[in-house]
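As stored in start36.txt (compact mmCIF, C-alpha atoms and all ligand atoms):
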# COMPACT_ATOMS: atom_id res chain seq x y z
CA MET A 14 14.41 -5.99 -27.25
CA SER A 15 13.31 -4.56 -23.89
CA ILE A 16 10.50 -5.91 -21.76
CA ILE A 17 8.32 -3.21 -20.21
CA VAL A 18 5.67 -3.95 -17.58
CA GLN A 19 2.84 -1.43 -17.43
CA LYS A 20 0.21 -1.34 -14.68
CA PHE A 21 -3.14 0.42 -14.99
CA GLY A 22 -5.25 0.99 -11.86
CA GLY A 23 -9.02 0.88 -11.35
CA THR A 24 -9.84 4.48 -12.28
CA SER A 25 -7.70 4.23 -15.42
CA VAL A 26 -9.81 1.30 -16.71
CA GLY A 27 -13.12 2.56 -15.26
CA SER A 28 -15.08 2.63 -18.56
CA VAL A 29 -14.96 1.27 -22.11
CA GLU A 30 -13.61 4.63 -23.22
CA LYS A 31 -10.81 4.45 -20.66
CA ILE A 32 -10.01 0.86 -21.61
CA ARG A 33 -9.56 2.04 -25.22
CA ASN A 34 -7.23 4.76 -23.94
CA VAL A 35 -5.18 2.15 -22.05
CA ALA A 36 -5.01 0.00 -25.19
CA SER A 37 -3.53 2.96 -27.06
CA ARG A 38 -0.91 3.56 -24.32
CA ILE A 39 0.08 -0.10 -24.62
CA LEU A 40 0.24 0.14 -28.41
CA GLU A 41 2.54 3.18 -28.20
CA GLU A 42 4.98 1.20 -26.06
CA LYS A 43 4.76 -1.82 -28.39
CA GLN A 44 5.35 0.41 -31.42
CA ARG A 45 8.55 1.66 -29.80
CA GLY A 46 9.79 -1.88 -30.33
CA ASN A 47 9.33 -3.18 -26.79
CA ASP A 48 7.68 -6.32 -25.49
CA VAL A 49 4.80 -5.36 -23.22
CA VAL A 50 3.13 -7.09 -20.29
CA ALA A 51 0.25 -5.04 -18.87
CA VAL A 52 -1.22 -5.70 -15.44
CA VAL A 53 -4.67 -4.30 -14.75
CA SER A 54 -7.04 -3.76 -11.83
CA ALA A 55 -10.79 -4.22 -11.65
CA MET A 56 -12.83 -1.48 -13.36
CA GLY A 57 -13.53 1.60 -11.20
CA LYS A 58 -15.09 0.72 -7.86
CA THR A 59 -15.83 -2.91 -8.80
CA THR A 60 -13.84 -4.38 -5.89
CA ASP A 61 -15.69 -2.15 -3.37
CA THR A 62 -19.03 -3.19 -4.89
CA LEU A 63 -18.10 -6.88 -4.58
CA VAL A 64 -17.03 -6.37 -0.94
CA GLY A 65 -20.43 -4.70 -0.31
CA LEU A 66 -22.32 -7.64 -1.84
CA ALA A 67 -20.44 -10.11 0.37
CA ARG A 68 -21.19 -8.07 3.50
CA GLU A 69 -24.89 -8.16 2.63
CA ILE A 70 -24.68 -11.94 2.81
CA SER A 71 -22.46 -12.22 5.88
CA PRO A 72 -20.77 -9.75 8.28
CA GLN A 73 -17.63 -11.90 8.31
CA PRO A 74 -17.57 -13.82 5.03
CA SER A 75 -15.27 -16.80 4.53
CA LYS A 76 -11.87 -15.48 3.44
CA ARG A 77 -11.49 -18.19 0.79
CA GLU A 78 -14.83 -17.30 -0.79
CA MET A 79 -13.98 -13.60 -0.54
CA ASP A 80 -10.86 -14.21 -2.66
CA MET A 81 -12.90 -16.24 -5.12
CA LEU A 82 -15.32 -13.30 -5.42
CA LEU A 83 -12.86 -10.41 -5.58
CA SER A 84 -10.64 -12.08 -8.18
CA THR A 85 -13.53 -11.86 -10.68
CA GLY A 86 -13.19 -8.04 -10.91
CA GLU A 87 -9.81 -8.13 -12.63
CA GLN A 88 -10.95 -10.90 -14.96
CA VAL A 89 -13.49 -8.56 -16.55
CA THR A 90 -10.82 -5.97 -17.31
CA ILE A 91 -8.25 -8.34 -18.81
CA SER A 92 -10.69 -9.74 -21.33
CA LEU A 93 -12.10 -6.34 -22.38
CA LEU A 94 -8.63 -4.81 -22.71
CA THR A 95 -7.39 -7.76 -24.76
CA MET A 96 -10.43 -7.43 -27.03
CA ALA A 97 -9.64 -3.72 -27.46
CA LEU A 98 -6.06 -4.51 -28.50
CA ILE A 99 -7.15 -7.22 -30.96
CA GLN A 100 -9.74 -4.83 -32.37
CA ALA A 101 -6.93 -2.29 -32.89
CA GLY A 102 -4.93 -4.89 -34.83
CA GLN A 103 -2.51 -5.91 -32.08
CA ASP A 104 -2.34 -9.59 -31.18
CA ALA A 105 -2.78 -10.03 -27.44
CA ILE A 106 -3.75 -12.63 -24.82
CA SER A 107 -5.23 -12.31 -21.34
CA TYR A 108 -4.22 -14.39 -18.31
CA THR A 109 -5.69 -14.65 -14.84
CA GLY A 110 -3.12 -14.64 -12.03
CA TRP A 111 -2.79 -18.40 -11.95
CA GLN A 112 -2.63 -18.72 -15.74
CA ALA A 113 0.23 -16.23 -15.68
CA GLY A 114 2.01 -18.53 -13.21
CA ILE A 115 1.67 -16.46 -10.05
CA GLU A 116 2.01 -18.70 -7.01
CA THR A 117 1.32 -17.39 -3.52
CA GLU A 118 1.46 -18.59 0.07
CA SER A 119 -1.70 -20.18 1.43
CA VAL A 120 -3.11 -17.09 3.16
CA HIS A 121 -6.42 -15.68 2.04
CA SER A 122 -7.05 -11.93 1.52
CA ASN A 123 -3.44 -10.82 1.97
CA ALA A 124 -1.21 -13.46 0.35
CA ARG A 125 2.43 -12.93 -0.57
CA ILE A 126 3.73 -13.96 -3.98
CA THR A 127 6.19 -16.83 -3.54
CA ASN A 128 7.02 -17.73 -7.12
CA ILE A 129 6.22 -16.78 -10.71
CA HIS A 130 6.40 -19.41 -13.45
CA THR A 131 7.14 -17.20 -16.44
CA GLU A 132 7.17 -19.76 -19.26
CA LYS A 133 3.70 -18.98 -20.62
CA MET A 134 4.17 -15.22 -20.58
CA THR A 135 7.60 -15.50 -22.17
CA SER A 136 6.45 -17.74 -25.02
CA GLN A 137 3.51 -15.43 -25.81
CA LEU A 138 5.84 -12.40 -25.86
CA GLN A 139 8.12 -14.28 -28.24
CA MET A 140 5.16 -14.75 -30.57
CA GLY A 141 4.81 -10.96 -30.65
CA LYS A 142 1.73 -10.80 -28.47
CA VAL A 143 0.97 -8.30 -25.73
CA VAL A 144 0.28 -10.19 -22.50
CA ILE A 145 -2.48 -8.81 -20.26
CA VAL A 146 -2.46 -10.13 -16.67
CA ALA A 147 -5.08 -9.80 -13.93
CA GLY A 148 -3.54 -7.97 -10.98
CA PHE A 149 -4.11 -8.63 -7.28
CA GLN A 150 -4.47 -12.42 -7.56
CA GLY A 151 -2.56 -15.67 -7.49
CA MET A 152 -2.94 -19.30 -6.60
CA THR A 153 -1.70 -21.46 -3.74
CA PRO A 154 0.29 -24.62 -4.47
CA SER A 155 -2.87 -26.61 -3.71
CA GLY A 156 -4.89 -24.69 -6.30
CA ASP A 157 -6.90 -22.13 -4.30
CA ILE A 158 -7.33 -18.60 -5.63
CA THR A 159 -5.82 -15.94 -3.35
CA THR A 160 -5.70 -12.14 -3.40
CA LEU A 161 -2.78 -9.95 -2.40
CA GLY A 162 -4.50 -7.30 -0.25
CA ARG A 163 -6.24 -4.09 -1.39
CA GLY A 164 -4.13 -2.21 -3.90
CA GLY A 165 -2.21 -5.40 -4.67
CA SER A 166 -2.16 -5.04 -8.48
CA ASP A 167 0.92 -2.82 -8.08
CA THR A 168 2.66 -5.79 -6.47
CA THR A 169 1.64 -8.14 -9.29
CA ALA A 170 3.18 -5.72 -11.79
CA VAL A 171 6.49 -5.25 -9.99
CA ALA A 172 6.81 -8.96 -9.18
CA ILE A 173 6.27 -9.83 -12.86
CA ALA A 174 8.81 -7.16 -13.82
CA ALA A 175 11.31 -8.80 -11.45
CA ALA A 176 10.57 -12.32 -12.71
CA LEU A 177 10.84 -11.34 -16.40
CA LYS A 178 13.89 -9.15 -15.72
CA ALA A 179 12.00 -6.28 -17.30
CA ASP A 180 13.78 -3.03 -18.05
CA ARG A 181 11.11 -0.86 -16.45
CA CYS A 182 7.83 -1.00 -14.58
CA ASP A 183 5.49 1.93 -15.18
CA ILE A 184 2.57 2.43 -12.80
CA TYR A 185 -0.17 4.37 -14.61
CA THR A 186 -2.73 5.89 -12.26
CA ASP A 187 -5.14 8.80 -11.67
CA VAL A 188 -2.44 11.16 -10.32
CA ASP A 189 0.58 12.27 -12.34
CA GLY A 190 3.14 11.14 -9.77
CA VAL A 191 4.01 10.73 -6.12
CA TYR A 192 3.28 13.90 -4.16
CA THR A 193 4.61 15.16 -0.84
CA SER A 194 1.23 14.09 0.57
CA ASP A 195 -2.09 12.84 -0.78
CA PRO A 196 -3.13 15.66 -3.16
CA ARG A 197 -6.78 14.74 -2.66
CA TYR A 198 -6.57 15.99 0.94
CA ILE A 199 -3.57 18.34 1.06
CA ILE A 200 -4.12 21.05 -1.53
CA ASN A 201 -0.56 22.36 -1.22
CA ALA A 202 0.97 18.95 -1.93
CA ARG A 203 3.74 19.04 -4.51
CA LYS A 204 4.79 16.46 -7.12
CA LEU A 205 8.19 14.90 -6.46
CA PRO A 206 10.47 14.35 -9.48
CA SER A 207 12.01 11.35 -7.71
CA ILE A 208 11.99 9.53 -4.39
CA SER A 209 14.16 6.76 -2.95
CA TYR A 210 12.88 3.21 -2.48
CA ASP A 211 13.28 3.52 1.30
CA GLU A 212 11.31 6.75 1.58
CA MET A 213 8.59 5.43 -0.74
CA LEU A 214 8.40 2.20 1.25
CA GLU A 215 7.88 4.13 4.50
CA LEU A 216 5.25 6.41 2.91
CA ALA A 217 3.41 3.42 1.42
CA ASN A 218 3.52 1.49 4.69
CA LEU A 219 2.25 4.54 6.54
CA GLY A 220 -0.85 5.01 4.39
CA ALA A 221 0.17 6.72 1.11
CA GLY A 222 -2.15 4.59 -1.03
CA VAL A 223 -0.52 5.54 -4.33
CA LEU A 224 1.61 2.35 -4.21
CA HIS A 225 1.13 -1.00 -2.50
CA PRO A 226 3.99 -1.40 0.04
CA ARG A 227 5.00 -4.85 -1.21
CA ALA A 228 5.38 -3.45 -4.72
CA VAL A 229 8.03 -1.05 -3.43
CA GLU A 230 9.66 -3.87 -1.47
CA PHE A 231 9.96 -5.98 -4.66
CA ALA A 232 11.24 -2.99 -6.63
CA LYS A 233 13.93 -2.31 -4.02
CA ASN A 234 14.99 -5.94 -3.64
CA TYR A 235 15.24 -6.56 -7.39
CA GLN A 236 16.34 -3.02 -8.29
CA ILE A 237 13.43 -2.45 -10.67
CA PRO A 238 13.16 1.21 -11.71
CA LEU A 239 9.58 2.37 -11.15
CA GLU A 240 7.78 5.36 -12.56
CA VAL A 241 4.40 6.48 -11.20
CA ARG A 242 2.64 8.46 -13.93
CA SER A 243 -0.70 9.61 -15.28
CA SER A 244 -2.72 7.29 -17.51
CA VAL A 245 -4.29 10.35 -19.15
CA GLU A 246 -1.69 13.10 -19.41
CA LYS A 247 1.48 12.30 -21.35
CA ILE A 248 3.95 13.88 -18.93
CA GLU A 249 6.83 12.56 -16.87
CA GLY A 250 5.84 11.15 -13.50
CA THR A 251 7.87 10.37 -10.39
CA TYR A 252 10.87 8.03 -10.52
CA ILE A 253 11.40 5.65 -7.63
CA GLU A 254 15.01 4.62 -7.52
CA GLU A 255 17.91 3.75 -5.23
CA GLU A 256 19.00 7.26 -4.26
CA ALA A 257 16.86 10.27 -4.98
CA SER A 258 18.61 13.63 -5.13
CA MET A 259 18.21 15.54 -1.87
CA GLU A 260 16.30 18.39 -3.48
CA GLN A 261 16.27 21.60 -1.45
CA ASN A 262 18.01 19.72 1.39
CA LEU A 263 14.59 18.93 2.74
CA ILE A 264 14.70 16.85 5.92
CA VAL A 265 11.12 15.68 5.52
CA ARG A 266 10.14 14.39 2.08
CA GLY A 267 6.50 13.57 2.67
CA VAL A 268 3.55 13.32 5.04
CA ALA A 269 1.38 10.19 5.11
CA PHE A 270 -1.75 9.45 7.08
CA GLU A 271 -4.12 6.60 7.78
CA ASP A 272 -7.49 6.58 9.55
CA GLU A 273 -9.52 3.82 11.22
CA ILE A 274 -6.92 3.04 13.87
CA THR A 275 -7.84 1.65 17.30
CA ARG A 276 -5.76 1.62 20.47
CA VAL A 277 -6.18 -1.46 22.66
CA THR A 278 -4.92 -1.38 26.24
CA VAL A 279 -4.39 -4.55 28.25
CA PHE A 280 -4.30 -3.80 32.00
CA GLY A 281 -2.62 -5.68 34.80
CA LEU A 282 -0.45 -8.12 32.91
CA GLY A 283 0.88 -10.21 35.77
CA ASN A 284 4.01 -11.71 34.28
CA ALA A 285 6.20 -8.93 32.90
CA LEU A 286 8.77 -11.45 31.69
CA THR A 287 6.61 -13.65 29.47
CA GLY A 288 3.41 -11.56 29.22
CA LEU A 289 4.53 -9.52 26.23
CA SER A 290 5.64 -12.44 24.11
CA SER A 291 2.53 -14.47 24.99
CA ILE A 292 0.18 -11.69 23.89
CA PHE A 293 1.91 -10.94 20.60
CA THR A 294 2.51 -14.61 19.78
CA THR A 295 -1.21 -15.27 20.31
CA LEU A 296 -2.24 -12.33 18.10
CA ALA A 297 0.29 -13.26 15.38
CA LYS A 298 -1.07 -16.82 15.27
CA HIS A 299 -4.39 -15.28 14.25
CA HIS A 300 -2.69 -13.09 11.60
CA LEU A 301 -3.59 -9.97 13.59
CA ASN A 302 -1.16 -7.18 12.77
CA VAL A 303 -0.08 -4.96 15.64
CA ASP A 304 1.55 -1.63 14.89
CA ILE A 305 2.70 0.72 17.67
CA ILE A 306 3.35 -0.87 21.07
CA ILE A 307 3.74 0.97 24.38
CA GLN A 308 4.47 -0.83 27.64
CA SER A 309 4.32 0.73 31.08
CA GLN A 310 5.02 -0.84 34.44
CA THR A 311 2.49 0.41 37.00
CA ASP A 312 4.07 -1.36 39.94
CA LYS A 313 6.44 -4.25 40.50
CA ASN A 314 3.84 -6.90 39.72
CA ALA A 315 1.72 -5.37 36.98
CA THR A 316 2.35 -4.10 33.50
CA ASN A 317 -0.05 -2.25 31.22
CA LEU A 318 0.28 -2.66 27.50
CA SER A 319 -1.15 -0.48 24.73
CA PHE A 320 -0.99 -1.32 21.07
CA SER A 321 -2.57 0.00 17.91
CA ILE A 322 -4.37 -2.09 15.29
CA LYS A 323 -6.56 -1.48 12.26
CA GLU A 324 -10.17 -0.87 13.27
CA GLN A 325 -11.33 -3.78 11.06
CA ASP A 326 -9.32 -6.18 13.26
CA LEU A 327 -10.82 -4.95 16.56
CA GLN A 328 -13.57 -7.53 17.06
CA GLU A 329 -11.26 -10.44 16.27
CA THR A 330 -8.50 -9.01 18.53
CA LEU A 331 -10.90 -8.61 21.45
CA ALA A 332 -12.24 -12.12 20.92
CA VAL A 333 -8.76 -13.66 20.80
CA LEU A 334 -7.69 -11.80 23.96
CA GLU A 335 -10.87 -12.83 25.79
CA LYS A 336 -10.53 -16.47 24.76
CA ASN A 337 -6.96 -16.59 26.06
CA LYS A 338 -7.50 -14.40 29.14
CA GLU A 339 -6.53 -17.03 31.69
CA HIS A 340 -3.40 -18.12 29.88
CA LEU A 341 -2.31 -14.51 29.17
CA GLY A 342 -2.93 -13.42 32.79
CA TYR A 343 -4.32 -9.87 32.61
CA THR A 344 -7.12 -8.09 34.48
CA HIS A 345 -9.09 -6.25 31.79
CA VAL A 346 -8.98 -4.73 28.29
CA GLU A 347 -10.10 -1.30 27.05
CA HIS A 348 -10.06 0.21 23.60
CA GLU A 349 -10.35 3.58 21.92
CA SER A 350 -11.43 3.81 18.27
CA ALA A 351 -11.70 6.69 15.76
CA LEU A 352 -7.96 7.37 15.84
CA ALA A 353 -5.58 8.11 12.98
CA LYS A 354 -1.85 7.92 12.40
CA VAL A 355 -0.03 10.87 10.86
CA SER A 356 3.61 10.40 9.86
CA ILE A 357 6.48 12.46 8.50
CA VAL A 358 9.06 10.65 6.36
CA GLY A 359 12.49 11.64 5.05
CA SER A 360 15.97 10.14 4.92
CA GLY A 361 17.38 13.54 5.95
CA MET A 362 16.14 12.79 9.48
CA ILE A 363 19.02 10.38 10.09
CA SER A 364 21.46 13.25 10.43
CA ASN A 365 19.10 15.86 11.88
CA PRO A 366 18.13 15.40 15.52
CA GLY A 367 15.16 17.32 16.85
CA VAL A 368 12.72 16.50 14.04
CA ALA A 369 10.39 14.61 16.41
CA ALA A 370 10.53 17.50 18.92
CA GLU A 371 9.58 19.95 16.17
CA MET A 372 6.73 17.71 15.05
CA PHE A 373 5.26 17.53 18.58
CA GLN A 374 5.65 21.28 19.03
CA VAL A 375 3.76 21.98 15.79
CA LEU A 376 0.97 19.58 16.81
CA ALA A 377 0.76 21.13 20.30
CA GLU A 378 0.59 24.66 18.86
CA ASN A 379 -2.39 23.48 16.86
CA ASP A 380 -4.12 21.89 19.88
CA ILE A 381 -3.68 18.37 18.53
CA VAL A 382 -3.21 15.79 21.28
CA VAL A 383 -0.75 12.98 20.53
CA LYS A 384 -1.86 9.59 21.88
CA MET A 385 0.92 7.27 20.72
CA VAL A 386 4.28 7.74 19.05
CA SER A 387 6.60 5.59 17.01
CA THR A 388 9.87 6.43 15.28
CA SER A 389 12.43 4.89 12.95
CA GLU A 390 15.57 6.34 11.36
CA ILE A 391 13.54 7.98 8.62
CA LYS A 392 10.05 8.54 10.05
CA VAL A 393 8.10 9.79 13.05
CA SER A 394 4.46 8.73 13.49
CA ALA A 395 1.90 10.20 15.88
CA VAL A 396 -1.51 8.73 16.66
CA VAL A 397 -4.14 11.47 16.99
CA ASP A 398 -7.95 11.69 17.05
CA GLU A 399 -9.34 10.87 13.60
CA LYS A 400 -11.10 14.24 13.46
CA ASN A 401 -7.67 15.94 13.64
CA MET A 402 -6.00 13.81 10.94
CA GLN A 403 -6.26 16.12 7.96
CA LYS A 404 -5.47 19.22 10.04
CA ALA A 405 -2.39 17.53 11.55
CA ALA A 406 -1.14 16.44 8.12
CA GLY A 407 -1.71 19.95 6.74
CA VAL A 408 0.12 21.82 9.50
CA LEU A 409 3.05 19.38 9.39
CA HIS A 410 3.22 19.70 5.60
CA THR A 411 3.52 23.46 5.99
CA ALA A 412 5.87 23.40 8.99
CA PHE A 413 8.37 21.10 7.26
CA ASN A 414 8.48 23.34 4.16
CA LEU A 415 6.71 20.97 1.81
CA ASP A 416 3.98 23.32 0.54
CA ALA A 417 4.17 24.00 -3.19
CA SER A 418 4.15 27.79 -2.71
CA LYS A 419 6.83 27.59 0.02
CA VAL A 420 9.29 25.68 -2.16
CA GLU A 421 8.84 28.15 -5.02
CA GLU A 422 9.68 30.97 -2.57
CA MET A 423 12.73 29.08 -1.28
CA SER A 424 14.15 28.58 -4.76
CA LEU A 425 13.82 32.26 -5.73
P1 LIG A 501 -4.99 2.99 -8.77
O1 LIG A 501 -6.42 2.58 -8.86
O2 LIG A 501 -4.44 3.54 -10.04
O3 LIG A 501 -4.11 1.93 -8.17
P2 LIG A 501 -5.02 4.36 -6.21
O4 LIG A 501 -6.32 5.02 -5.83
O5 LIG A 501 -4.70 3.06 -5.58
O6 LIG A 501 -4.98 4.26 -7.81
O7 LIG A 501 -3.79 5.37 -5.95
C1 LIG A 501 -3.82 6.68 -6.44
C2 LIG A 501 -4.31 7.61 -5.33
O8 LIG A 501 -3.36 7.60 -4.26
C3 LIG A 501 -4.39 9.06 -5.71
O9 LIG A 501 -5.63 9.36 -6.31
C4 LIG A 501 -4.20 9.79 -4.38
O10 LIG A 501 -5.40 10.25 -3.83
C5 LIG A 501 -3.62 8.72 -3.45
N1 LIG A 501 -2.38 9.14 -2.77
C6 LIG A 501 -2.12 8.95 -1.44
N2 LIG A 501 -0.93 9.45 -1.13
C7 LIG A 501 -0.40 9.96 -2.26
C8 LIG A 501 0.84 10.62 -2.57
N3 LIG A 501 1.76 10.84 -1.63
N4 LIG A 501 1.06 11.00 -3.84
C9 LIG A 501 0.14 10.77 -4.81
N5 LIG A 501 -1.05 10.17 -4.58
C10 LIG A 501 -1.33 9.76 -3.32
N1 LIG A 502 -8.87 -4.26 -7.40
C1 LIG A 502 -8.07 -4.34 -6.18
C2 LIG A 502 -8.46 -3.24 -5.22
O1 LIG A 502 -9.33 -2.43 -5.53
C3 LIG A 502 -6.60 -4.35 -6.44
C4 LIG A 502 -6.03 -3.07 -7.02
O2 LIG A 502 -6.75 -2.23 -7.55
O3 LIG A 502 -4.81 -2.92 -6.97
O4 LIG A 502 -7.92 -3.18 -4.14
MG MG A 503 -3.72 1.34 -6.20
Would it be possible to restate this file's structure as structure tokens?
Amino acid sequence: MSIIVQKFGGTSVGSVEKIRNVASRILEEKQRGNDVVAVVSAMGKTTDTLVGLAREISPQPSKREMDMLLSTGEQVTISLLTMALIQAGQDAISYTGWQAGIETESVHSNARITNIHTEKMTSQLQMGKVVIVAGFQGMTPSGDITTLGRGGSDTTAVAIAAALKADRCDIYTDVDGVYTSDPRYIINARKLPSISYDEMLELANLGAGVLHPRAVEFAKNYQIPLEVRSSVEKIEGTYIEEEASMEQNLIVRGVAFEDEITRVTVFGLGNALTGLSSIFTTLAKHHLNVDIIIQSQTDKNATNLSFSIKEQDLQETLAVLEKNKEHLGYTHVEHESALAKVSIVGSGMISNPGVAAEMFQVLAENDIVVKMVSTSEIKVSAVVDEKNMQKAAGVLHTAFNLDASKVEEMSL
């Protein structure tokens, strides 16, 4: 008998009607003779509403209490969905993250899963029950509730699939697959039949919110086949697997983008030798994630350093830099907010030089100023003004032959 893990996101469980629909998708899988574990998110915009409530109380709420609060959203869904299954005649049981045995590191708001104790889930499956697990949450070894970062239910599902050695993990959502870019913003975006783990990981890390990056990481490391598919329409979705076929020999497979980026520049770093490591060690100690880094030596004795961070981390970053100013040895700090990062991704880039040059040319032709750049073997990212984000993504999507209409023409 196969074990299948299904994951249903917030929109897919946004009302009682939708929860009944999810129950019927689970029943279909069960009736095919499979054991089913379903991981679910909080209903609709519940998590956003809870975040809003906390902010009304405090601008920077305690991270532990925030996890305590946000974990309640998923708990509502698991109980309602389990009731729906029982009502439909299928025995089922709901588990919070910790009841399901999900152990995480002791970091609030963005914890990594360190271990899954599967005994409870396994024994319930053996009794013929469907197991419904709250996504996005776990527990530290000392018993505190943690959450896995926004969008983290995907990671719960794939991690459970890995721990149970499931045959498949299906991610049911409000789009019918992974597209060449976010179809909500890029009207010409096209559904991909398949995509490799590496390309999906880059897209997810670079802002394609359809999958949580750590979910793709788990899937790649444990070779779990993933399918992203619609929770409403019964059609094939997108398969995420080891090697996706190089359809149309496209060099670029997708365009991702992310707003609310800030560039911080530290001027006059005195000690070029140790200055860099001191700054980034200090920021890392405070769990502040730095993305693109650019260093420039103005003269023999002074270095300027620019780096990009998420806008939400700005105040804490500035405070940490200010507190350590003497020890870090710099003259002053400036920042520029309202920036965005637009990235092109594709494993075809490895063997095709000149992709970055083409990207910059297209952006220049469209009067879009590039403020920072970063590259890897399979991606190029450019930081631009936030107001240019959607335009930049759109023109790159067209220029790299990703538009739906363009591909139809090419295959004629
Ligand atoms: P869920 O609540 O099911 O987890 P999410 O909102 O987290 O759903 O993810 C689905 C959304 O991801 C889609 O509605 C779409 O707007 C967005 N998205 C971003 N990039 C892509 C992409 N490349 N392909 C498909 N959807 C994308
Ligand atoms: N409910 C959480 C969120 O909105 C987790 C998830 O949906 O994956 O981010
Ligand atoms: Mg999601």
Contacts of ligand LIG 501 (chain A), 7 Å or closer, only C-alpha atoms and all ligand atoms, given as a PyMOL selection string: chain A and resi 21-25+164+167+185-188+190-197+221-224+267+269
At a cut-off of 9 Å and counting all atoms listed in the file, what residues surround ligand LIG 502 (chain A)? Please answer as a count of residues only. 32
Using all atoms listed in the file, find the one residue out of A:Glu349, A:Asp312, A:Glu230, A:Glu212 that sits nearest to Val171 (chain A).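 Of A:Glu349, A:Asp312, A:Glu230, A:Glu212, the one nearest Val171 (chain A), counting all atoms listed in the file, is A:Glu230.
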Need the shell around Val50 (chain A): protein/DNA/RNA residues with any atom at most 7 Å away, counting all atoms listed in the file. Skip same-chain ones fewer than 6 positions apart. Format as a PyMOL selection string? chain A and resi 17-19+143-145
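Using all atoms listed in the file for every distance, the candidate list A:Ile70, A:Ile16, A:Met152, A:Leu296 yields A:Ile16 as the residue closest to Leu138 (chain A).
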Please identify all polymer residues within 7 Å of region 366-377 of chain A, counting all atoms listed in the file, omitting same-chain residues fewer than 2 positions from it, and present them as an MDAnalysis selection string. chainID A and resid 362 364 379:382 393 405 409
Proximity to ligand MG 503 (chain A) - best of A:Gly46, A:Gly65, A:Pro206, A:Pro226, only C-alpha atoms and all ligand atoms: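 Using only C-alpha atoms and all ligand atoms, ligand MG 503 (chain A) sits closest to A:Pro226.
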Need to verify the contact set: Trp111 (chain A), 12 Å, all atoms listed in the file, exclusion of same-chain residues closer than 3 positions in sequence. Can you return it as a ChimeraX atom specification? /A:84,88,107-108,114-117,126,128-131,133-134,146-160,169
How many Å separate CA of His345 (chain A) from CA of Val383 (chain A)? 23.8 Å
Kindly indicate which residue among A:Leu415, A:Glu240, A:Ser387, A:His121 lies nearest to Pro74 (chain A), using all atoms listed in the file for the distances. A:His121
Proximity to Ser319 (chain A) - best of A:Ile292, A:Val277, A:Ala353, A:Leu263, only C-alpha atoms: A:Val277
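Proximity of A:Gly220, A:Glu30, A:Ser136, A:Ile99 to ligand MG 503 (chain A), computed with all atoms listed in the file, is greatest for A:Gly220.
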At what distance in Å, to one decimal, does CA of Tyr252 (chain A) lie from CA of Pro238 (chain A)? 7.3 Å
